[in-house]
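Peer 1: This is the structure, below, for whatever I ask next.
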Amino acid sequence: MSEATPKFKITIDGHTVEVDPGTTILNAARLLGGDSVPPAMCYYTSLKGSGGKCRTCLVEVSKGSEKDPRPMPKLVASCSTTVMDGMEIKNKSSQRVLDARSGVVEMLLINHPLDCPICDQAGECHLQDLAYEHGKSNTRYEFERRTFEKLDIGEYIKLHMTRCILCYRCVYTANQLTDKREHGVLKRGDAAEIGTFIENNLTNDFIGNVIDVCPVGALTDKTFRFRSRVWYTKPMDVHRDCPTCSGKAVAWMIGDEVARVTARKDQFGEVKEFICNDCRFHKKEKSDWTIEGPRHIDRTSVISANHYELEIPKHTPLLNKA
Amino acid sequence: MARKLLLEHAQVEGIHTYDVYRKNGGYKAVEKALKSMSPEDVVEEVKKSGLRGRGGAGFPTGMKWSFIAKPEGVPRHLLCNADESEPGTFKDRYLMEKIPHLLIEGMIVSSYALGCNSSYIYIRGEYMYVLQILERAIAEAYANGWLGKNIQGSGYDLDLHVSPGAGAYICGEETALIESLEGKRGNPRMKPPFPAVQGLWARPTVVNNVETIAAVVPIVNEGGDSYAAIGVGKSTGTKLISASGNINKPGVYEIELGVSVEEFIYSDQYCGGMKNGKRIKACVPGGSSVPILPHYLITKTAAGESRLMTYESLADGGFASGSMLGSGGFIVYDEDQCIVRNTWNFSRFYHHESCGQCSPCREGTGWMEKVLHRLEYGHGKMEDIDLLWDIQRQIEGNTICPLGDAAAWPVAAAIRHFREEFEWHVNEPKRCLETNYGLVKEKTFESVNA
């Protein structure tokens with residue numbers, strides 16, 4: 001690495017971090033971790049063009065840079081604003097940011113069905129986490145919510161548009177993993193919907209990844225739908241020799257059974273290595289995989305709450321009694 | 001008599017044809033610019049003229065032009081924004097319909113100033129007949145050597161294309177316009193990068209309104225200083241105003257900036273006063289997205305000064321007691337008009353036109369429309385007014401493009417100035433369907449902001 005590139009020093013909520021020029025505020029905050037990280041519903045590091053749409057990552061720039069210390073008049077989307085040297089950013093320490101964010105969450109939820117009790121994503125849903133953190137406990141929306149018909153977009157994937165927050169992640173995933181445009185957004189405004197015009201099957205080898213990038217339960221895995229709540233399953237790091245992809249995945253087990261397979265997600269819920277449909281949908285036997293050990297879920301969410309990582313002691317008093 | 005720079009020859013028989021236009025002094029600006037001026041000279045003249053963007057934001061055009069990046073070997077583009085869709089604004093249509101060659105001449109001079117060799121006019125889908133007028137005019141310009149290779153022997157090449165949109169308001173936002181022109185869904189882009197650095201096909205691009213580009217012609221002909229002599233302060237030159245509503249003579253007027261609002265509404269030269277002798281209730285001075293003004297703030301500012309048709313004077317007092325010149329869609333309401341209904345109507349428009357990309361605007365515009373609909377039809381509650389205020393505040397400033405702001409401002413201003421009319425709709429659910437509230441009681445600036 002050359003020493004020539006100077007690093008930019010920025011401050012988020014009073015914590016200072018040095019980052020490379022060209023880094024976005026969100027990524028700088030992710031280096032700091034903890035409470036400095038703004039939530040992001042649409043931004044996805046590996047997807048080009050993503051970000052800026054959900055407006056949950058808005059932050060206040062209280063000092064533009066060392067050279068031009070004027071604050072930015074509007075809140076900015078941290079996922080798409082690059083840092084300047086000496087920039088000072090307020091995330092949770094700014095009431096303005098918290099107000100705007102709770103406003104955005106309210107907007108996201110007014111047309112969301114809130115059917116978490118029957119939604120497969122519940123427990124690992126980013127919208128759920130976001131709403132717990134920033135949402136209000138009641139709604140002021142008194143009109144009929146927007147609903148759509150459920151769509152089959154292929155053998156393995158169910159599109160439940162009613163839950164969609166239009167983050168466009170799946171559109172970018174499909175476009176960037178394949179040679180041709182697979183699906184897109186039809187119509188506009190609050191009638192906008194994800195669709196394959198004309199009704200079409202998505203058959204690409206990697207199309208299953210749209211399920212992983214979806215922050216809500218709009219795209220779900222048909223081989224896993226309604227089989228179990230995610231927090232009853234036990235995530236295990238597994239791998240196999242796959243001719244198409246890296247073969248590194250997470251198997252969500254119920255006992256000795258592989259209930260579903262997903263790619264490995266980091267603490268921000270982002271997949272680094274996409275896996276192929278074959279690994280995801282067809283390898284449902286324990287013998288298909290080499291098990292590495294329990295997957296550590298580094299997220300404050302229900303899925304990490306069941307202490308699956310702990311070994312069950314062999315001789316517990318309870319067992320001895322029996 | 002006020003000077004007319006753009007519409008001087010608008011009423012001449014056959015001005016839409018090349019021959020008549022040329023006889024009336026057409027294409028002189030191109031001759032002058034190509035023969036005796038360098039591109040920098042043209043930019044300098046535009047800077048001197050103080051011309052400001054006529055599309056609504058009022059950004060100085062010369063400055064915008066000087067921002068364009070000029071990397072070696074990368075073509076640059078000039079786009080003309082003819083996607084005039086703001087409710088209440090119809091000045092560009094009039095200009096293009098009557099004198100299409102003026103726009104073409106402006107495009108040639110402006111493209112020359114920016115060093116562009118292919119330029120585009122993006123016109124809204126509803127203006128399909130204007131598109132045909134423009135295409136005929138462009139064909140005439142090609143035939144007479146004003147477009148194409150080596151224009152009039154100057155060595156400068158320019159290709160001019162007209163491209164129709166499909167009728168989306170959002171495509172009037174410059175980055176959405178670029179996306180649409182590229183053949184994609186017209187979603188606004190994130191800024192930065194700004195179009196001046198990465199616009200059409202990631203090349204440096206300038207997007208200007210029809211009227212702005214047309215105004216370059218008189219600036220080049222008569223010099224920037226002479227243009228700057230018209231107007232008041234930083235509002236220089238002439239502006240086309242599309243006047244509509246309850247006035248005697250609705251239509252497109254070219255005014256010298258600095259005419260007083262009172263003169264504009266009541267003089268026979270312009271709107272000719274209120275229709276049927278009614279009293280004025282409210283006025284939206286710059287197209288549907290700018291804040292509405294109640295009758296006591298139209299001709300006088302909060303400080304009691306006479307309000308002028310300039311960028312500064314109309315904005316005097318900020319949003320608390322002012323508005324904006326915007327795109328010049330001047331809508332006048334008489335005492336029989338219902339402000340709640342009008343706000344609902346605007347809000348319905350923004351709901352329909354939101355692109356649906358970012359959440360506050362996608363969900364918020366629809367929500368506002370539903371609440372306003374309820375209020376207008378007598379099912380509203382008192383909390384709805386505060387709820388509306390909250391929703392517009394949650395949208396404003398938190399969206400990617402200005403459509404969110406444009407949807408929020410009219411609602412905010414209507415509640416700010418006409419709150420008692422909203423309350424009356426809640427208290428009199430039956431009467432509000434049959435009759436109108438009438439004039440709002442005069443308030444002073446202090447009582448409004450108490």
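Letters A, B, ... mark the chains of the structure tokens in the order given; residue numbers begin at 1 per chain; ligand numbers begin at 1, in order shown.
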How close does each residue of chain B get to chain A, giving the shortest atom pair and distance in Å to one decimal for every residue with an atom at most 7 Å away, counting only C-alpha atoms, sorted by chain and residue number, as a tab-separated table?
Peer 2:
```
residue	atom	partner	partner_atom	distance
B:Met190	CA	A:Gly52	CA	6.8
B:His351	CA	A:Gly189	CA	6.7
B:His352	CA	A:Gly189	CA	6.5
B:Glu353	CA	A:Gly189	CA	6.5
B:Ser354	CA	A:Gly189	CA	4.5
B:Cys355	CA	A:Gly189	CA	4.6
B:Gly356	CA	A:Gly189	CA	3.7
B:Gln357	CA	A:Lys53	CA	5.9
B:Cys358	CA	A:Lys53	CA	4.3
B:Ser359	CA	A:Cys54	CA	5.4
B:Pro360	CA	A:Val104	CA	5.8
B:Arg362	CA	A:Gly189	CA	5.1
B:Glu363	CA	A:Met107	CA	5.6
B:Gly364	CA	A:Met107	CA	6.3
B:Gln394	CA	A:Gly103	CA	5.4
B:Gly397	CA	A:Lys74	CA	6.1
B:Asn398	CA	A:Leu75	CA	6.7
```
Peer 1: Output C-alpha atoms for every residue in the selection just made, as a compact mmCIF listing (two decimals), in the first residue's frame.
Peer 2:
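And here's part-v3.txt as it stands now:
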```txt
# COMPACT_ATOMS: atom_id res chain seq x y z
CA MET B 190 -28.68 10.75 -6.39
CA HIS B 351 -49.58 11.62 -5.40
CA HIS B 352 -50.11 10.58 -8.98
CA GLU B 353 -46.75 11.87 -10.15
CA SER B 354 -44.48 10.65 -7.37
CA CYS B 355 -42.00 8.24 -8.94
CA GLY B 356 -42.10 5.92 -5.94
CA GLN B 357 -38.39 5.68 -5.49
CA CYS B 358 -37.88 7.08 -2.02
CA SER B 359 -40.18 6.25 0.84
CA PRO B 360 -41.29 9.59 2.33
CA ARG B 362 -44.03 7.57 -2.22
CA GLU B 363 -46.07 6.93 0.91
CA GLY B 364 -46.50 10.48 2.18
CA GLN B 394 -41.73 14.42 7.36
CA GLY B 397 -36.21 17.98 2.71
CA ASN B 398 -35.98 14.23 3.27
```
Peer 1: Write out as number ranges by chain the residues lying within 9 Å of region 128-135 of chain B, counting only C-alpha atoms and excluding same-chain residues fewer than 3 positions away.
Peer 2: B: 16, 93, 96-97, 100-101, 103-104, 123-125, 138-140, 161-164
Peer 1: Assign secondary structure with DSSP using the backbone only, and return the residues of region 33-120 of chain B in strand (DSSP E or B) as a ChimeraX atom specification.
Peer 2: /B:52,60,77-82,118-120
Peer 1: Run DSSP on the backbone and give me the residues of region 140-383 of chain B it puts in helix (DSSP H, G or I), as a PyMOL selection string.
Peer 2: chain B and resi 140-143+151-153+169-172+174-181+200-202+210-222+224-228+261-266+275-277+295-297+311-314+318-321+339-353+359-376+382-383
Peer 1: Which neighbours of region 59-68 of chain B fall inside 12 Å, counting only C-alpha atoms, when residues of the same chain fewer than 5 positions from it are skipped, and could you give them as a PyMOL selection string?
Peer 2: chain B and resi 39-54+74-78+110-116+193-199+203-209+211-213+215-216+219+224+234-236+311+326-327
Peer 1: Excluding Ile291 (chain A) and residues on its chain fewer than 2 positions from it, collect all residues at most 9 Å away from it, counting only C-alpha atoms, and give them as a list in words.
Peer 2: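 Surrounding residues, per the criterion: Met236, Asp237, Val238, His239, Arg240, Ala251, Lys286, Trp289, Gly293 and Pro294 of chain A.
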Peer 1: For the selection just defined, write its residues with all heavy atoms to a file, as a PDB file, in the first residue's frame.
Peer 2:
```
ATOM      1  N   MET A 236     -25.827 -23.059  11.004  1.00  0.00           N
ATOM      2  CA  MET A 236     -24.507 -23.677  11.027  1.00  0.00           C
ATOM      3  C   MET A 236     -23.729 -23.224   9.801  1.00  0.00           C
ATOM      4  O   MET A 236     -24.271 -23.200   8.687  1.00  0.00           O
ATOM      5  CB  MET A 236     -24.642 -25.211  10.964  1.00  0.00           C
ATOM      6  CG  MET A 236     -25.442 -25.814  12.088  1.00  0.00           C
ATOM      7  SD  MET A 236     -24.648 -25.626  13.683  1.00  0.00           S
ATOM      8  CE  MET A 236     -23.714 -27.130  13.774  1.00  0.00           C
ATOM      9  N   ASP A 237     -22.466 -22.880  10.004  1.00  0.00           N
ATOM     10  CA  ASP A 237     -21.593 -22.608   8.865  1.00  0.00           C
ATOM     11  C   ASP A 237     -21.315 -23.921   8.161  1.00  0.00           C
ATOM     12  O   ASP A 237     -20.839 -24.871   8.783  1.00  0.00           O
ATOM     13  CB  ASP A 237     -20.274 -22.008   9.352  1.00  0.00           C
ATOM     14  CG  ASP A 237     -20.368 -20.504   9.466  1.00  0.00           C
ATOM     15  OD1 ASP A 237     -21.217 -19.924   8.783  1.00  0.00           O
ATOM     16  OD2 ASP A 237     -19.588 -19.913  10.234  1.00  0.00           O
ATOM     17  N   VAL A 238     -21.606 -23.967   6.883  1.00  0.00           N
ATOM     18  CA  VAL A 238     -21.356 -25.195   6.136  1.00  0.00           C
ATOM     19  C   VAL A 238     -20.703 -24.849   4.807  1.00  0.00           C
ATOM     20  O   VAL A 238     -20.719 -23.706   4.368  1.00  0.00           O
ATOM     21  CB  VAL A 238     -22.667 -25.965   5.851  1.00  0.00           C
ATOM     22  CG1 VAL A 238     -23.282 -26.483   7.133  1.00  0.00           C
ATOM     23  CG2 VAL A 238     -23.654 -25.091   5.096  1.00  0.00           C
ATOM     24  N   HIS A 239     -20.073 -25.860   4.202  1.00  0.00           N
ATOM     25  CA  HIS A 239     -19.579 -25.651   2.838  1.00  0.00           C
ATOM     26  C   HIS A 239     -19.622 -26.962   2.072  1.00  0.00           C
ATOM     27  O   HIS A 239     -19.736 -28.037   2.645  1.00  0.00           O
ATOM     28  CB  HIS A 239     -18.159 -25.078   2.849  1.00  0.00           C
ATOM     29  CG  HIS A 239     -17.127 -26.027   3.381  1.00  0.00           C
ATOM     30  ND1 HIS A 239     -16.675 -25.952   4.680  1.00  0.00           N
ATOM     31  CD2 HIS A 239     -16.466 -27.063   2.798  1.00  0.00           C
ATOM     32  CE1 HIS A 239     -15.791 -26.908   4.869  1.00  0.00           C
ATOM     33  NE2 HIS A 239     -15.643 -27.603   3.743  1.00  0.00           N
ATOM     34  N   ARG A 240     -19.561 -26.849   0.775  1.00  0.00           N
ATOM     35  CA  ARG A 240     -19.496 -28.017  -0.081  1.00  0.00           C
ATOM     36  C   ARG A 240     -18.731 -27.621  -1.340  1.00  0.00           C
ATOM     37  O   ARG A 240     -18.525 -26.446  -1.619  1.00  0.00           O
ATOM     38  CB  ARG A 240     -20.882 -28.535  -0.424  1.00  0.00           C
ATOM     39  CG  ARG A 240     -21.718 -27.595  -1.271  1.00  0.00           C
ATOM     40  CD  ARG A 240     -23.103 -28.173  -1.530  1.00  0.00           C
ATOM     41  NE  ARG A 240     -23.078 -29.076  -2.670  1.00  0.00           N
ATOM     42  CZ  ARG A 240     -23.369 -28.707  -3.913  1.00  0.00           C
ATOM     43  NH1 ARG A 240     -23.660 -27.462  -4.185  1.00  0.00           N
ATOM     44  NH2 ARG A 240     -23.343 -29.580  -4.895  1.00  0.00           N
ATOM     45  N   ALA A 251     -26.408 -23.283   6.850  1.00  0.00           N
ATOM     46  CA  ALA A 251     -27.546 -24.195   6.847  1.00  0.00           C
ATOM     47  C   ALA A 251     -28.316 -23.962   8.132  1.00  0.00           C
ATOM     48  O   ALA A 251     -27.747 -23.933   9.213  1.00  0.00           O
ATOM     49  CB  ALA A 251     -27.067 -25.627   6.780  1.00  0.00           C
ATOM     50  N   LYS A 286     -28.244 -33.356   5.217  1.00  0.00           N
ATOM     51  CA  LYS A 286     -27.077 -33.060   6.038  1.00  0.00           C
ATOM     52  C   LYS A 286     -25.806 -33.584   5.362  1.00  0.00           C
ATOM     53  O   LYS A 286     -24.732 -33.003   5.466  1.00  0.00           O
ATOM     54  CB  LYS A 286     -27.245 -33.698   7.415  1.00  0.00           C
ATOM     55  CG  LYS A 286     -26.426 -33.019   8.479  1.00  0.00           C
ATOM     56  CD  LYS A 286     -26.672 -33.656   9.823  1.00  0.00           C
ATOM     57  CE  LYS A 286     -25.688 -33.097  10.843  1.00  0.00           C
ATOM     58  NZ  LYS A 286     -25.742 -33.828  12.112  1.00  0.00           N
ATOM     59  N   TRP A 289     -23.422 -31.496   2.943  1.00  0.00           N
ATOM     60  CA  TRP A 289     -22.606 -30.393   3.445  1.00  0.00           C
ATOM     61  C   TRP A 289     -21.545 -30.858   4.427  1.00  0.00           C
ATOM     62  O   TRP A 289     -21.740 -31.838   5.121  1.00  0.00           O
ATOM     63  CB  TRP A 289     -23.495 -29.370   4.163  1.00  0.00           C
ATOM     64  CG  TRP A 289     -24.537 -28.757   3.279  1.00  0.00           C
ATOM     65  CD1 TRP A 289     -25.817 -29.173   3.130  1.00  0.00           C
ATOM     66  CD2 TRP A 289     -24.362 -27.646   2.420  1.00  0.00           C
ATOM     67  NE1 TRP A 289     -26.472 -28.389   2.236  1.00  0.00           N
ATOM     68  CE2 TRP A 289     -25.602 -27.426   1.776  1.00  0.00           C
ATOM     69  CE3 TRP A 289     -23.288 -26.787   2.128  1.00  0.00           C
ATOM     70  CZ2 TRP A 289     -25.783 -26.405   0.859  1.00  0.00           C
ATOM     71  CZ3 TRP A 289     -23.477 -25.774   1.221  1.00  0.00           C
ATOM     72  CH2 TRP A 289     -24.714 -25.589   0.582  1.00  0.00           C
ATOM     73  N   GLY A 293     -19.425 -25.565  12.016  1.00  0.00           N
ATOM     74  CA  GLY A 293     -19.738 -25.227  13.398  1.00  0.00           C
ATOM     75  C   GLY A 293     -20.849 -24.196  13.426  1.00  0.00           C
ATOM     76  O   GLY A 293     -21.312 -23.753  12.381  1.00  0.00           O
ATOM     77  N   PRO A 294     -21.299 -23.824  14.612  1.00  0.00           N
ATOM     78  CA  PRO A 294     -22.410 -22.859  14.698  1.00  0.00           C
ATOM     79  C   PRO A 294     -22.028 -21.523  14.093  1.00  0.00           C
ATOM     80  O   PRO A 294     -20.892 -21.084  14.208  1.00  0.00           O
ATOM     81  CB  PRO A 294     -22.649 -22.723  16.195  1.00  0.00           C
ATOM     82  CG  PRO A 294     -21.894 -23.813  16.846  1.00  0.00           C
ATOM     83  CD  PRO A 294     -20.812 -24.232  15.919  1.00  0.00           C
TER      84      PRO A 294
END
```
Peer 1: Out of A:Lys158, A:Lys9, A:Arg229, A:His15, which residue has the shortest atom-to-atom distance to Gln121 (chain A) when counting only C-alpha atoms?
Peer 2: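 Comparing A:Lys158, A:Lys9, A:Arg229, A:His15 against Gln121 (chain A), the winner is A:Arg229.
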Peer 1: Contacts of Asn200 (chain A) at 8 Å or less, counting only C-alpha atoms, minus same-chain residues fewer than 4 places along, as a PyMOL selection string?
Peer 2: chain A and resi 153-154+196
